[in-house]
$ cat my_file_31.txt   # compact mmCIF, C-alpha atoms
# COMPACT_ATOMS: atom_id res chain seq x y z
CA MET A 18 0.00 0.00 0.00
CA SER A 19 1.23 3.54 -0.67
CA ASP A 20 2.60 5.77 2.09
CA PRO A 21 -0.44 6.99 4.11
CA ARG A 22 1.24 10.38 4.60
CA ALA A 23 1.29 10.88 0.85
CA VAL A 24 -2.38 9.91 0.68
CA LEU A 25 -3.23 12.49 3.32
CA LEU A 26 -1.33 15.16 1.42
CA LYS A 27 -3.26 14.24 -1.72
CA ARG A 28 -6.50 14.66 0.22
CA ARG A 29 -5.45 18.15 1.20
CA ASP A 30 -4.38 19.06 -2.33
CA LEU A 31 -7.60 17.72 -3.88
CA LEU A 32 -9.79 19.60 -1.43
CA SER A 33 -7.86 22.82 -2.00
CA ALA A 34 -8.09 22.48 -5.77
CA THR A 35 -11.82 21.88 -5.80
CA ALA A 36 -13.17 23.96 -2.92
CA ALA A 37 -14.32 26.78 -5.18
CA ALA A 38 -15.96 24.61 -7.86
CA ALA A 39 -19.10 26.09 -9.37
CA ALA A 40 -22.49 24.37 -9.40
CA ALA A 41 -24.47 23.62 -12.55
CA ALA A 42 -26.85 26.20 -13.96
CA MET A 43 -30.44 25.54 -12.91
CA LEU A 44 -32.60 23.95 -15.58
CA PRO A 45 -36.28 24.81 -16.05
CA PRO A 46 -38.91 22.40 -14.72
CA ALA A 47 -39.95 19.70 -17.17
CA VAL A 48 -41.95 16.54 -17.38
CA TYR A 49 -40.61 13.41 -15.71
CA ALA A 50 -37.50 12.54 -17.71
CA SER A 51 -37.65 9.11 -19.29
CA ASP A 52 -33.89 8.60 -19.06
CA PHE A 53 -33.75 8.68 -15.26
CA HIS A 54 -33.49 5.19 -13.82
CA ARG A 55 -36.57 4.32 -11.77
CA LEU A 56 -37.46 1.25 -9.78
CA LYS A 57 -40.02 0.07 -7.29
CA HIS A 58 -38.64 -1.64 -4.22
CA GLY A 59 -41.16 -2.81 -1.66
CA ALA A 60 -42.93 0.27 -0.31
CA PHE A 61 -40.31 2.58 -1.86
CA ASP A 62 -40.35 4.31 -5.24
CA ILE A 63 -36.76 5.12 -6.19
CA THR A 64 -35.32 7.35 -8.88
CA VAL A 65 -31.54 7.49 -9.23
CA VAL A 66 -30.62 11.11 -9.86
CA SER A 67 -27.10 12.10 -10.90
CA ASP A 68 -25.11 14.80 -9.16
CA GLY A 69 -22.59 14.64 -12.01
CA PHE A 70 -19.15 13.16 -11.51
CA ILE A 71 -15.84 13.79 -9.80
CA THR A 72 -12.35 12.86 -10.92
CA LEU A 73 -10.08 11.00 -8.51
CA PRO A 74 -6.32 10.47 -8.88
CA ALA A 75 -5.09 6.96 -9.62
CA GLU A 76 -3.12 6.84 -6.36
CA ILE A 77 -6.34 7.44 -4.43
CA LEU A 78 -8.41 4.91 -6.36
CA LEU A 79 -5.69 2.26 -6.55
CA PRO A 80 -3.06 2.68 -3.82
CA ASP A 81 -2.45 -1.10 -3.63
CA ALA A 82 -2.25 -1.80 -7.37
CA THR A 83 0.96 -2.35 -9.28
CA PRO A 84 1.74 0.22 -11.99
CA GLU A 85 0.62 -2.30 -14.60
CA GLU A 86 -2.64 -3.07 -12.79
CA ARG A 87 -3.25 0.63 -12.22
CA GLN A 88 -2.88 1.46 -15.91
CA VAL A 89 -5.28 -1.26 -17.03
CA ILE A 90 -7.98 -0.45 -14.49
CA ILE A 91 -7.79 3.31 -14.98
CA GLN A 92 -8.32 2.76 -18.71
CA ARG A 93 -11.31 0.53 -17.97
CA LEU A 94 -12.77 3.36 -15.90
CA GLY A 95 -12.37 5.79 -18.77
CA GLY A 96 -9.50 7.69 -17.21
CA ASP A 97 -5.89 8.52 -17.97
CA VAL A 98 -2.63 9.04 -16.11
CA GLN A 99 -4.21 11.91 -14.16
CA GLY A 100 -7.05 9.80 -12.75
CA ALA A 101 -10.52 8.60 -13.58
CA PRO A 102 -14.08 9.98 -13.42
CA VAL A 103 -16.52 8.42 -10.97
CA GLN A 104 -20.25 9.06 -10.93
CA ALA A 105 -22.34 10.46 -8.10
CA ASN A 106 -25.65 8.56 -7.91
CA ILE A 107 -28.21 9.88 -5.45
CA PRO A 108 -31.40 7.95 -4.72
CA LEU A 109 -34.56 10.01 -4.56
CA ILE A 110 -36.93 7.88 -2.52
CA ARG A 111 -40.68 8.34 -2.19
CA TYR A 112 -42.33 6.66 0.78
CA GLY A 113 -45.88 7.73 1.56
CA ASP A 114 -45.81 11.50 1.96
CA ASP A 115 -42.03 11.58 2.28
CA LEU A 116 -39.67 12.52 -0.54
CA MET A 117 -36.17 11.64 0.65
CA LEU A 118 -32.57 11.92 -0.54
CA VAL A 119 -29.72 9.72 0.60
CA ASP A 120 -26.90 12.31 0.47
CA ASN A 121 -27.31 15.61 -1.37
CA GLY A 122 -24.15 15.88 -3.46
CA SER A 123 -21.46 18.51 -3.81
CA GLY A 124 -23.33 21.73 -4.42
CA THR A 125 -20.73 24.47 -4.93
CA ASN A 126 -18.26 22.88 -2.53
CA PHE A 127 -16.30 20.36 -4.57
CA GLN A 128 -15.51 19.83 -8.26
CA ALA A 129 -17.29 21.79 -10.98
CA SER A 130 -18.27 18.57 -12.74
CA ALA A 131 -20.52 17.72 -9.78
CA GLY A 132 -23.23 19.68 -8.00
CA LYS A 133 -25.90 18.85 -10.58
CA LEU A 134 -28.52 17.30 -8.28
CA ALA A 135 -30.79 20.31 -7.78
CA ALA A 136 -30.85 21.03 -11.51
CA ASN A 137 -31.65 17.41 -12.33
CA LEU A 138 -34.40 17.33 -9.72
CA LYS A 139 -35.96 20.31 -11.47
CA THR A 140 -36.18 18.29 -14.68
CA LEU A 141 -38.33 15.89 -12.68
CA GLY A 142 -40.56 18.74 -11.56
CA ILE A 143 -39.18 18.61 -8.01
CA GLU A 144 -38.35 21.81 -6.17
CA PRO A 145 -36.00 21.98 -3.15
CA GLU A 146 -39.01 22.70 -0.93
CA ASP A 147 -40.49 19.29 -1.84
CA ILE A 148 -37.74 17.28 -0.12
CA THR A 149 -38.80 16.14 3.35
CA LYS A 150 -35.76 14.14 4.52
CA VAL A 151 -32.04 14.02 3.75
CA VAL A 152 -30.00 11.11 5.10
CA PHE A 153 -26.22 11.51 5.14
CA THR A 154 -24.15 8.36 4.73
CA HIS A 155 -21.26 10.58 5.84
CA ALA A 156 -20.18 14.21 5.74
CA HIS A 157 -17.57 14.35 2.98
CA PRO A 158 -18.06 17.34 0.65
CA ASP A 159 -19.25 15.29 -2.33
CA HIS A 160 -22.04 13.85 -0.15
CA SER A 161 -23.13 16.77 2.04
CA GLY A 162 -21.71 19.82 0.26
CA ALA A 163 -25.09 20.87 -1.16
CA THR A 164 -26.62 21.38 2.27
CA THR A 165 -26.36 25.14 1.82
CA THR A 166 -26.28 27.42 -1.19
CA SER A 167 -23.34 29.68 -2.00
CA ASP A 168 -24.93 32.44 0.11
CA GLY A 169 -25.31 30.17 3.14
CA LYS A 170 -29.04 29.37 2.91
CA VAL A 171 -30.26 25.83 3.50
CA LEU A 172 -30.99 24.41 0.04
CA TYR A 173 -33.73 22.00 1.14
CA PRO A 174 -35.52 24.21 3.66
CA ASN A 175 -38.35 21.85 4.62
CA ALA A 176 -36.23 18.74 5.11
CA HIS A 177 -35.28 16.97 8.29
CA TYR A 178 -31.73 15.67 8.30
CA PHE A 179 -30.18 12.46 9.61
CA VAL A 180 -26.56 11.55 10.31
CA SER A 181 -24.99 8.96 12.58
CA ARG A 182 -24.06 10.02 16.06
CA ALA A 183 -20.53 8.70 15.50
CA GLU A 184 -20.18 10.87 12.38
CA TRP A 185 -21.37 13.95 14.23
CA ASP A 186 -19.05 13.28 17.17
CA PHE A 187 -16.04 12.80 14.89
CA TRP A 188 -16.35 15.93 12.75
CA THR A 189 -17.62 18.31 15.43
CA ASP A 190 -15.04 17.42 18.07
CA LYS A 191 -13.75 20.72 19.48
CA ASN A 192 -10.26 19.22 19.62
CA PHE A 193 -10.36 17.83 16.08
CA GLU A 194 -7.43 19.83 14.75
CA ALA A 195 -5.23 18.86 17.69
CA LYS A 196 -6.06 15.17 17.28
CA MET A 197 -6.20 14.67 13.52
CA PRO A 198 -3.71 15.27 10.67
CA GLN A 199 -3.74 18.65 8.99
CA ALA A 200 -4.84 17.03 5.74
CA LEU A 201 -8.25 16.35 7.33
CA HIS A 202 -8.79 19.84 8.74
CA GLY A 203 -10.41 21.16 5.56
CA PHE A 204 -12.76 18.19 5.46
CA ALA A 205 -13.74 18.88 9.06
CA GLN A 206 -14.45 22.52 8.28
CA GLY A 207 -16.72 21.44 5.42
CA ALA A 208 -18.50 18.86 7.56
CA GLN A 209 -19.06 21.41 10.31
CA ARG A 210 -20.39 23.92 7.78
CA ASP A 211 -22.94 21.39 6.52
CA LEU A 212 -23.95 19.82 9.83
CA PHE A 213 -24.17 23.02 11.84
CA ALA A 214 -26.31 24.64 9.13
CA VAL A 215 -29.11 22.14 9.85
CA ARG A 216 -28.42 21.54 13.51
CA ASP A 217 -31.94 22.59 14.51
CA ARG A 218 -33.48 19.92 12.27
CA LEU A 219 -30.81 17.22 12.54
CA LYS A 220 -31.42 13.83 14.15
CA LEU A 221 -28.47 11.73 15.27
CA VAL A 222 -29.12 8.07 14.53
CA LYS A 223 -27.52 4.79 15.52
CA PRO A 224 -27.18 1.50 13.62
CA GLY A 225 -30.34 -0.55 13.88
CA GLU A 226 -32.67 2.47 13.92
CA GLU A 227 -35.13 3.20 11.13
CA ILE A 228 -35.50 6.49 9.30
CA VAL A 229 -39.00 5.44 8.20
CA PRO A 230 -40.49 1.95 8.50
CA GLY A 231 -38.38 -0.43 6.41
CA MET A 232 -35.47 2.03 6.00
CA LEU A 233 -32.77 0.66 8.31
CA VAL A 234 -29.48 2.28 9.34
CA LEU A 235 -26.47 -0.04 8.91
CA ASP A 236 -23.08 0.45 10.56
CA THR A 237 -20.36 0.56 7.87
CA PRO A 238 -17.52 2.55 9.46
CA GLY A 239 -14.03 3.14 8.15
CA HIS A 240 -14.41 5.44 5.17
CA THR A 241 -15.31 7.85 7.93
CA PRO A 242 -15.73 6.78 11.57
CA GLY A 243 -19.50 7.26 11.44
CA HIS A 244 -20.21 6.13 7.89
CA ILE A 245 -23.57 4.38 7.54
CA SER A 246 -25.32 2.52 4.75
CA ILE A 247 -29.06 2.15 4.32
CA GLU A 248 -31.03 -1.08 3.91
CA LEU A 249 -34.46 -0.89 2.30
CA ALA A 250 -36.86 -3.73 3.02
CA GLY A 251 -38.69 -5.53 0.24
CA ASP A 252 -37.90 -7.65 -2.81
CA GLY A 253 -34.91 -9.29 -1.15
CA ASN A 254 -33.78 -5.94 0.34
CA LEU A 255 -31.61 -3.27 -1.20
CA LEU A 256 -28.37 -1.85 0.22
CA VAL A 257 -27.59 1.82 -0.41
CA THR A 258 -23.86 1.65 0.24
CA GLY A 259 -22.63 5.25 0.13
CA ASP A 260 -18.83 5.06 0.10
CA ALA A 261 -18.55 1.78 1.98
CA CYS A 262 -17.67 0.28 -1.44
CA THR A 263 -16.46 3.12 -3.60
CA ASN A 264 -16.09 1.51 -7.02
CA ASP A 265 -17.94 -1.31 -8.77
CA VAL A 266 -14.86 -2.46 -10.67
CA ILE A 267 -11.92 -2.03 -8.30
CA PHE A 268 -13.35 -3.19 -5.00
CA PHE A 269 -15.59 -5.93 -6.34
CA GLU A 270 -12.72 -7.58 -8.20
CA HIS A 271 -10.12 -6.77 -5.51
CA PRO A 272 -11.94 -6.75 -2.16
CA SER A 273 -8.65 -6.82 -0.23
CA TRP A 274 -7.45 -3.53 -1.74
CA HIS A 275 -7.59 -0.25 0.14
CA PHE A 276 -9.03 3.11 -0.93
CA GLY A 277 -6.96 6.25 -0.45
CA PHE A 278 -9.68 8.42 1.06
CA ASP A 279 -10.65 5.99 3.84
CA THR A 280 -10.05 7.59 7.24
CA ASP A 281 -9.48 4.20 8.91
CA ALA A 282 -8.27 1.98 6.09
CA GLU A 283 -8.44 -1.37 7.88
CA THR A 284 -11.87 -0.78 9.39
CA ALA A 285 -13.13 0.35 5.98
CA LEU A 286 -11.74 -2.83 4.44
CA LYS A 287 -13.66 -4.98 6.93
CA SER A 288 -16.90 -3.04 6.31
CA ARG A 289 -16.51 -3.38 2.55
CA GLN A 290 -15.82 -7.10 2.72
CA MET A 291 -18.75 -7.60 5.07
CA LEU A 292 -21.13 -5.79 2.72
CA LEU A 293 -19.97 -7.65 -0.38
CA ASN A 294 -20.06 -11.03 1.35
CA ARG A 295 -23.57 -10.42 2.66
CA ALA A 296 -24.83 -9.06 -0.64
CA ALA A 297 -23.48 -12.06 -2.54
CA SER A 298 -24.67 -14.60 0.03
CA GLU A 299 -28.19 -13.19 0.32
CA LYS A 300 -28.45 -12.01 -3.31
CA LEU A 301 -29.23 -8.48 -2.21
CA ARG A 302 -29.61 -5.67 -4.66
CA MET A 303 -27.10 -2.84 -4.16
CA LEU A 304 -26.97 0.84 -5.09
CA GLY A 305 -23.51 2.44 -5.09
CA TYR A 306 -22.86 6.16 -4.95
CA HIS A 307 -19.78 6.23 -7.19
CA TRP A 308 -20.61 3.28 -9.43
CA ALA A 309 -21.38 3.52 -13.14
CA TYR A 310 -24.86 5.08 -13.46
CA PRO A 311 -27.36 4.07 -12.24
CA GLY A 312 -25.21 2.07 -9.85
CA ILE A 313 -27.73 -0.71 -9.23
CA GLY A 314 -26.83 -4.38 -9.34
CA TYR A 315 -25.68 -7.47 -7.51
CA ALA A 316 -22.43 -8.95 -6.24
CA GLU A 317 -21.60 -12.41 -7.58
CA ARG A 318 -18.61 -14.37 -6.32
CA ARG A 319 -15.85 -14.87 -8.87
CA GLY A 320 -12.79 -16.63 -7.51
CA SER A 321 -11.34 -14.60 -4.63
CA GLY A 322 -13.40 -11.56 -5.57
CA TYR A 323 -16.75 -10.55 -6.97
CA ALA A 324 -18.28 -9.37 -10.20
CA PHE A 325 -20.73 -6.50 -10.35
CA VAL A 326 -23.82 -7.61 -12.26
CA LYS A 327 -26.15 -4.83 -13.33
CA ALA A 328 -29.75 -5.24 -12.25
$ encode --input "my_file_31.txt" --output "structure tokens"
Amino acid sequence: MSDPRAVLLKRRDLLSATAAAAAAAMLPPAVYASDFHRLKHGAFDITVVSDGFITLPAEILLPDATPEERQVIIQRLGGDVQGAPVQANIPLIRYGDDLMLVDNGSGTNFQASAGKLAANLKTLGIEPEDITKVVFTHAHPDHSGATTTSDGKVLYPNAHYFVSRAEWDFWTDKNFEAKMPQALHGFAQGAQRDLFAVRDRLKLVKPGEEIVPGMLVLDTPGHTPGHISIELAGDGNLLVTGDACTNDVIFFEHPSWHFGFDTDAETALKSRQMLLNRAASEKLRMLGYHWAYPGIGYAERRGSGYAFVKA
């Protein structure tokens, strides 16, 4: 595995380079777009809405790969020596009177190629005021950066927000900067910006609790200390994995490899392997945040790894 100090420096450099990225221009409302992926899952109606994509360096995506392996896989992902693009798939979930998002994307706080969620929701005829719940898998800027607009207003003003207690405790620790490497300080500032903005409507949840009936919080720590995934009941259940498994090529085929942006690399590895093993054993449908759109499929065992099979 690459030197973790170099990985932390890359985190800092990437955040610095993308902090001022601009959001997409808002599109006018339109009829329900036929090219959005929709599915019914038990009591849940799901539409996978894109927030765009971000580009990650090869050393972050593939710190354990040999140079030869890295070159082949980066090409498969449509990248080059600088890195590869990865999608940002956000489930819009209707349950009864609730219209919920799992993560809200980058907004204006990461790369300019992301931050498209609000515009894409408008093409579905959905205004920010229509969203009733936002569940954060974790508080990295490409998952929570759209909590506020560029002028500091809450983008989804009628929503209630959910994040794990462990995630809140980690990022809002008053002694964070004294305890954690400098490379994480910018991430903490972003997380505090997003979480504090909705503090008055934020519920801290624990694994095993439900957001709504049939929407279960799963403990998948490591990428961040309080990272959670979501399990939706019905039709064999569906796992919304967030960044517990960041890529549908790399970490399915090489489940023992690390990811450069994991805060606790070994804990993240265990969470990822647990999720993939369970999904393959129980034939659970999965929805991955950074997988090729729409990011929905199954894990099938192939030798010492897995294959991602699109649903």
$ residues_near_point --input "my_file_31.txt" --point "(-13.8, 0.5, 9.7)" --cutoff "8 Å" --atoms "all atoms listed in the file" --output "list in words"
Thr237, Pro238, Gly239, His240, Thr241, Pro242, Asp281, Ala282, Glu283, Thr284, Ala285, Leu286, Lys287 and Ser288 of chain A
$ write_last_selection --input "my_file_31.txt" --atoms "C-alpha atoms" --output "compact mmCIF listing (two decimals), in the coordinates of the input"
# COMPACT_ATOMS: atom_id res chain seq x y z
CA THR A 237 -20.36 0.56 7.87
CA PRO A 238 -17.52 2.55 9.46
CA GLY A 239 -14.03 3.14 8.15
CA HIS A 240 -14.41 5.44 5.17
CA THR A 241 -15.31 7.85 7.93
CA PRO A 242 -15.73 6.78 11.57
CA ASP A 281 -9.48 4.20 8.91
CA ALA A 282 -8.27 1.98 6.09
CA GLU A 283 -8.44 -1.37 7.88
CA THR A 284 -11.87 -0.78 9.39
CA ALA A 285 -13.13 0.35 5.98
CA LEU A 286 -11.74 -2.83 4.44
CA LYS A 287 -13.66 -4.98 6.93
CA SER A 288 -16.90 -3.04 6.31
$ closest_residue --input "my_file_31.txt" --among "A:Ala261, A:Leu249, A:Val266, A:Gly320" --to "Leu292 in chain A" --atoms "only C-alpha atoms"
A:Ala261
$ closest_residue --input "my_file_31.txt" --among "A:Ala163, A:Ala309, A:Ala328, A:Val66" --to "Thr140 in chain A" --atoms "all atoms listed in the file"
A:Val66
$ atom_distance --input "my_file_31.txt" --atom1 "CA of Pro230 in chain A" --atom2 "CA of Gly314 in chain A"
23.3 Å
$ atom_distance --input "my_file_31.txt" --atom1 "CA of Ile110 in chain A" --atom2 "CA of Arg318 in chain A"
29.1 Å
$ residues_around --input "my_file_31.txt" --residues "Gly96 in chain A" --least-positions-apart "2" --cutoff "12 Å" --atoms "only C-alpha atoms" --output "list in words"
Ile71, Thr72, Leu73, Pro74, Ala75, Leu78, Arg87, Gln88, Val89, Ile90, Ile91, Gln92, Arg93, Leu94, Val98, Gln99, Gly100, Ala101, Pro102 and Val103 of chain A
$ residues_around --input "my_file_31.txt" --residues "Glu227 in chain A" --least-positions-apart "6" --cutoff "10 Å" --atoms "only C-alpha atoms" --output "list in words"
Leu233, Val234, Leu235, Ile247, Glu248 and Leu249 of chain A
$ residues_near_point --input "my_file_31.txt" --point "(-42.2, 0.4, -5.7)" --cutoff "12 Å" --atoms "all atoms listed in the file" --output "ChimeraX atom specification"
/A:55-64,110-113,249-252
$ write_last_selection --input "my_file_31.txt" --atoms "C-alpha atoms" --output "short mmCIF file (atom, residue, chain, number, x, y, z; two decimals), keeping the file's coordinate frame"
data_model
loop_
_atom_site.label_atom_id
_atom_site.label_comp_id
_atom_site.auth_asym_id
_atom_site.auth_seq_id
_atom_site.Cartn_x
_atom_site.Cartn_y
_atom_site.Cartn_z
CA ARG A 55 -36.57 4.32 -11.77
CA LEU A 56 -37.46 1.25 -9.78
CA LYS A 57 -40.02 0.07 -7.29
CA HIS A 58 -38.64 -1.64 -4.22
CA GLY A 59 -41.16 -2.81 -1.66
CA ALA A 60 -42.93 0.27 -0.31
CA PHE A 61 -40.31 2.58 -1.86
CA ASP A 62 -40.35 4.31 -5.24
CA ILE A 63 -36.76 5.12 -6.19
CA THR A 64 -35.32 7.35 -8.88
CA ILE A 110 -36.93 7.88 -2.52
CA ARG A 111 -40.68 8.34 -2.19
CA TYR A 112 -42.33 6.66 0.78
CA GLY A 113 -45.88 7.73 1.56
CA LEU A 249 -34.46 -0.89 2.30
CA ALA A 250 -36.86 -3.73 3.02
CA GLY A 251 -38.69 -5.53 0.24
CA ASP A 252 -37.90 -7.65 -2.81
#
$ closest_residue --input "my_file_31.txt" --among "A:Asp265, A:Glu86, A:Asp97, A:Asp236" --to "Leu304 in chain A" --atoms "only C-alpha atoms"
A:Asp265
$ closest_residue --input "my_file_31.txt" --among "A:Asp115, A:Lys139, A:Gly124, A:Leu201" --to "Ser167 in chain A" --atoms "all atoms listed in the file"
A:Gly124
$ atom_distance --input "my_file_31.txt" --atom1 "CA of Leu221 in chain A" --atom2 "CA of Ala183 in chain A"
8.5 Å
$ residues_around --input "my_file_31.txt" --residues "Ala82 in chain A" --least-positions-apart "6" --cutoff "10 Å" --atoms "all atoms listed in the file" --output "list in words"
Met18, Ser19, Ala75, Glu76, Gln88, Ile90, Ile267, His271, Trp274 and His275 of chain A
$ closest_residue --input "my_file_31.txt" --among "A:Asn126, A:Asn175, A:Asn106, A:Thr263" --to "Arg218 in chain A" --atoms "only C-alpha atoms"
A:Asn175
